[in-house]
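Peer 1: My structure is below; once you've seen it, I'll send some questions.
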Amino acid sequence: MNALAKHFNKQTPTFLQCAKYKLNLQEPLIMGILNVTPDSFSDGGQFNNFDAAIVQAKQMLADGVDIIDIGGESTRPGAAAVSEDEELQRVVPLIEKLSQEIDVPISIDTSKATVMYEAVQAGASMINDVYALQKDKALQTAAQLKVPVCLMHMQGSPETMQKNVQYKNITQEVFDFFEKRIEACLEFGLNKEHIIIDPGFGFGKHLQHNLELLNKLDLFVESGFPVLAGLSRKSMLGQITGKDVKNRLAASLAVAQIALQKGSQIIRVHDVAESKDMVRVLQAIKMASTNLNSV
Ligand code: PT1
């Protein structure tokens, strides 16, 4: 089953080095979502304004965020692509300002090589790519930038991905995809310790696919690559609960907790304060169980 066997790290690395920031992979990391797209799926573009984005980032920091993920192109189902210039204008000034003002790594959520490059020059220290570096020059650029990269699985493209969803064996296919992408990354000289994998919940997947991937997340963790899970407010939670996007906090916490219990190291969330409390509770329970074992 484990098609990633070839690339197995004996153990998941202990740290993730994001430029000057060293993140501890032994405890759950919270990646806070900062969208600067006017059509962002769950905040309705509330934070497309520069100053509001700074305020939101500072709030996330106060709430205990570990990484801030900045995206200038929406990738929710049905979203249209934006031009490179537009994306650059949305993210670069914000990253410049934030990286000076707050002491937390910034991740750039983009698939465009130029945006990756400019974002890292502006102060970002991680790349989050829903196309897993498959777009033009993305592999070369990421290798040159020497920052961690999250490789996400997607079937199709955001605009049409929910229209023709097809898998024979979703878990196997997502595994095979990672194997190929990791191989390509290593060929281009990316550091193995800079690779993070993400099954891409909601990206060309039906509810049953998303649930299978969540149930099998521990298999991905066993590959030895850190696993990121992005489930926050997604439509799969709406399908289960019947709630609209504004009322999916409890459902989001439930799935984020499952992802962490299955060993995933990073959760990508909108609600940082609430997620942080959930993480604190999990950590307290884990500590109590290790203490018990040692008596
Ligand atoms: C994700 C992710 C992402 N999700 C990573 N980056 C989005 N690494 C953007 C829905 O079904 O999971 N991992 N960047 C947002 N994309 C979606 C997809 C938003 C599906 C909503 C849905 O509602």
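Every chain in the structure tokens has a letter given in the order shown (A, B, ...), and although residue numbers restart at 1 in each chain, ligands are simply numbered from 1 in the order shown.
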Please extract the residues at most 8 Å from ligand 1, counting only C-alpha atoms and all ligand atoms, and provide them as an MDAnalysis selection string, using the chain letters and residue numbers of this document.

Peer 2: chainID A and resid 41 71 74:77 109 128:130 150:152 158 198:203 228:236 268

Peer 1: Based on the selection just made, write N, CA and C atoms of those residues as a compact mmCIF listing (two decimals), in the first residue's frame.

Peer 2:
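So the final result, stored in again.txt, reads:
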# COMPACT_ATOMS: atom_id res chain seq x y z
N PHE A 41 -14.13 32.46 0.05
CA PHE A 41 -15.36 31.70 0.21
C PHE A 41 -16.08 31.82 1.54
N GLY A 71 -3.13 34.20 0.87
CA GLY A 71 -3.49 33.82 -0.49
C GLY A 71 -4.20 34.94 -1.22
N SER A 74 -8.39 32.85 -4.92
CA SER A 74 -9.26 31.88 -4.28
C SER A 74 -9.17 30.55 -5.01
N THR A 75 -9.18 29.45 -4.24
CA THR A 75 -9.14 28.12 -4.86
C THR A 75 -10.36 27.30 -4.45
N ARG A 76 -11.35 27.99 -3.87
CA ARG A 76 -12.56 27.24 -3.50
C ARG A 76 -13.25 26.77 -4.78
N PRO A 77 -14.12 25.74 -4.68
CA PRO A 77 -14.75 25.22 -5.90
C PRO A 77 -15.48 26.31 -6.68
N ASP A 109 0.23 31.22 -0.31
CA ASP A 109 -0.67 30.25 -0.95
C ASP A 109 -0.79 30.66 -2.42
N ASN A 128 2.84 27.38 -0.14
CA ASN A 128 1.71 26.46 -0.05
C ASN A 128 1.06 26.42 -1.43
N ASP A 129 1.24 25.29 -2.14
CA ASP A 129 0.80 25.25 -3.53
C ASP A 129 -0.23 24.14 -3.77
N VAL A 130 -1.46 24.55 -4.04
CA VAL A 130 -2.54 23.58 -4.30
C VAL A 130 -2.31 22.80 -5.61
N CYS A 150 4.41 23.10 0.77
CA CYS A 150 3.31 22.16 0.96
C CYS A 150 2.80 21.73 -0.41
N LEU A 151 2.87 20.42 -0.66
CA LEU A 151 2.39 19.84 -1.92
C LEU A 151 0.98 19.32 -1.69
N MET A 152 0.01 19.94 -2.32
CA MET A 152 -1.37 19.50 -2.11
C MET A 152 -1.89 18.71 -3.29
N PRO A 158 -9.56 24.39 -9.68
CA PRO A 158 -10.64 24.90 -8.83
C PRO A 158 -11.94 25.21 -9.57
N ASP A 198 -0.28 17.21 1.67
CA ASP A 198 -1.65 17.59 2.06
C ASP A 198 -2.62 16.92 1.07
N PRO A 199 -3.52 16.07 1.57
CA PRO A 199 -4.42 15.36 0.65
C PRO A 199 -5.43 16.25 -0.07
N GLY A 200 -5.56 17.50 0.33
CA GLY A 200 -6.41 18.44 -0.41
C GLY A 200 -7.90 18.17 -0.24
N PHE A 201 -8.38 18.31 0.98
CA PHE A 201 -9.81 18.08 1.24
C PHE A 201 -10.66 19.06 0.42
N GLY A 202 -11.65 18.50 -0.28
CA GLY A 202 -12.56 19.34 -1.06
C GLY A 202 -12.07 19.71 -2.45
N PHE A 203 -10.88 19.25 -2.81
CA PHE A 203 -10.33 19.60 -4.12
C PHE A 203 -10.54 18.48 -5.14
N LEU A 228 -0.25 18.24 6.33
CA LEU A 228 -1.08 19.41 6.60
C LEU A 228 -2.52 19.03 6.23
N ALA A 229 -3.47 19.45 7.06
CA ALA A 229 -4.87 19.17 6.77
C ALA A 229 -5.67 20.48 6.77
N GLY A 230 -6.35 20.72 5.66
CA GLY A 230 -7.18 21.92 5.53
C GLY A 230 -8.63 21.52 5.38
N LEU A 231 -9.37 21.67 6.46
CA LEU A 231 -10.77 21.23 6.47
C LEU A 231 -11.72 22.35 6.86
N SER A 232 -11.16 23.43 7.37
CA SER A 232 -11.92 24.51 7.99
C SER A 232 -13.06 25.04 7.10
N ARG A 233 -14.26 24.98 7.64
CA ARG A 233 -15.48 25.55 7.04
C ARG A 233 -15.83 24.98 5.67
N LYS A 234 -15.22 23.89 5.27
CA LYS A 234 -15.46 23.40 3.91
C LYS A 234 -16.84 22.79 3.71
N SER A 235 -17.24 22.70 2.44
CA SER A 235 -18.61 22.28 2.13
C SER A 235 -18.91 20.85 2.59
N MET A 236 -17.87 20.00 2.72
CA MET A 236 -18.13 18.66 3.25
C MET A 236 -18.78 18.75 4.63
N ARG A 268 -4.85 23.79 8.93
CA ARG A 268 -5.05 25.10 8.29
C ARG A 268 -6.47 25.55 8.62

Peer 1: If you run DSSP over the backbone, which residues in range 17-243 of chain A end up alpha helix (DSSP H)? Put them as a ChimeraX atom specification.

Peer 2: /A:50-63,84-101,113-122,138-145,170-187,207-215,217-221,235-241

Peer 1: Determine, counting only C-alpha atoms, which protein, DNA and RNA residues have an atom within 12 Å of an atom of Glu187 in chain A; residues of the same chain fewer than 6 positions away are not included. Present the result as a PDB file with C-alpha atoms, in the first residue's frame.

Peer 2:
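result.pdb written:
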ATOM      1  CA  LEU A 139       9.634  23.429  -9.265  1.00  0.00           C
ATOM      2  CA  GLN A 140      12.740  25.389 -10.254  1.00  0.00           C
ATOM      3  CA  ALA A 143      14.105  24.713  -5.259  1.00  0.00           C
ATOM      4  CA  LYS A 180       5.491  11.371  -8.298  1.00  0.00           C
ATOM      5  CA  ARG A 181       5.570  14.919  -7.014  1.00  0.00           C
TER       6      ARG A 181
END

Peer 1: Quick one: DSSP strand (DSSP E) residues in range 104-283 of chain A, as a VMD selection string?

Peer 2: chain A and resid 106 to 109 126 to 129 149 to 152 195 to 198 228 to 230 266 to 269

Peer 1: May I ask which of the residues A:Leu88, A:Ile182, A:Tyr117, A:Ala259 is the closest one to Asn215 in chain A, counting only C-alpha atoms?

Peer 2: A:Ala259

Peer 1: Residues near Lys205 in chain A, anyone? I mean within 10 Å using only C-alpha atoms, not counting same-chain ones fewer than 6 positions away, as an NGL selection string.

Peer 2: :A and (154-156 or 161-167 or 170 or 211 or 213 or 236)

Peer 1: From the set A:His270, A:Lys262, A:Arg280, A:Lys58, which residue has the shortest atom-to-atom contact distance to Leu98 in chain A, counting only C-alpha atoms?

Peer 2: A:Lys58

Peer 1: Can you pull out the residues contacting range 11-14 of chain A? Cut-off 8 Å, using only C-alpha atoms, and skip same-chain residues under 2 positions away; I want them as a list in words.

Peer 2: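 The residues that qualify are Asn9, Leu16, Asn24, Leu25, Gln26, Glu193, Gly224, Phe225 and Pro226 of chain A.
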
Peer 1: With a distance cut-off of 12 Å and only C-alpha atoms, select the neighbouring residues of Glu87 in chain A, excluding the residue or stretch itself and same-chain residues fewer than 2 positions from it, and output the selection as a PyMOL selection string.

Peer 2: chain A and resi 35-38+48+70-74+81-85+89-94+108-116+118-119

Peer 1: Suppose we keep C-alpha atoms; can you now write the selection as a CSV table (one decimal), in the first residue's frame?

Peer 2:
chain,number,residue,atom,x,y,z
A,35,ASN,CA,-7.3,35.6,2.4
A,36,VAL,CA,-6.9,38.8,0.5
A,37,THR,CA,-9.3,37.8,-2.3
A,38,PRO,CA,-12.5,39.9,-2.7
A,48,ASN,CA,-9.6,42.3,1.2
A,70,ILE,CA,-1.6,34.4,2.7
A,71,GLY,CA,-3.5,33.8,-0.5
A,72,GLY,CA,-4.4,36.2,-3.3
A,73,GLU,CA,-6.2,33.8,-5.5
A,74,SER,CA,-9.3,31.9,-4.3
A,81,ALA,CA,-8.2,32.3,-11.8
A,82,VAL,CA,-6.7,35.7,-11.3
A,83,SER,CA,-3.9,37.3,-13.2
A,84,GLU,CA,-0.3,37.4,-12.0
A,85,ASP,CA,-0.3,41.2,-11.6
A,89,GLN,CA,-0.6,43.4,-6.0
A,90,ARG,CA,-2.8,41.7,-3.4
A,91,VAL,CA,-0.1,39.8,-1.5
A,92,VAL,CA,3.3,41.4,-1.9
A,93,PRO,CA,2.7,44.7,0.0
A,94,LEU,CA,0.9,42.8,2.7
A,108,ILE,CA,2.3,32.1,0.5
A,109,ASP,CA,-0.7,30.2,-1.0
A,110,THR,CA,0.0,30.4,-4.7
A,111,SER,CA,0.7,28.2,-7.7
A,112,LYS,CA,2.5,30.9,-9.8
A,113,ALA,CA,6.3,30.8,-9.8
A,114,THR,CA,6.6,34.6,-10.0
A,115,VAL,CA,4.3,35.1,-7.0
A,116,MET,CA,6.3,32.5,-5.0
A,118,GLU,CA,8.2,37.8,-5.0
A,119,ALA,CA,6.5,36.7,-1.9

Peer 1: Rounded to one decimal in Å, what is the spacing between CA of Gly189 in chain A and CA of Val104 in chain A?

Peer 2: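 CA of Gly189 in chain A sits 26.3 Å away from CA of Val104 in chain A.
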
Peer 1: Applying 10 Å and only C-alpha atoms, which residues near Ile102 in chain A remain after dropping the ones on its own chain fewer than 4 positions away? List them as a PyMOL selection string.

Peer 2: chain A and resi 54+57-58+61+97-98+106

Peer 1: Could you check which of A:Ala122, A:Leu219, A:Ala256, A:Ala284 is closest to Gln172 in chain A, using only C-alpha atoms?

Peer 2: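 The answer is A:Leu219, which sits nearest to Gln172 in chain A.
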
Peer 1: What does the distance between CA of Ile266 in chain A and CA of Ala52 in chain A come to in Å, to one decimal place?

Peer 2: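 Those two atoms sit 25.1 Å apart.
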
Peer 1: Just checking: using only C-alpha atoms, which residue out of A:Glu159, A:Asp271, A:Leu214, A:Ala184 ends up closest to Asn247 in chain A?

Peer 2: A:Asp271
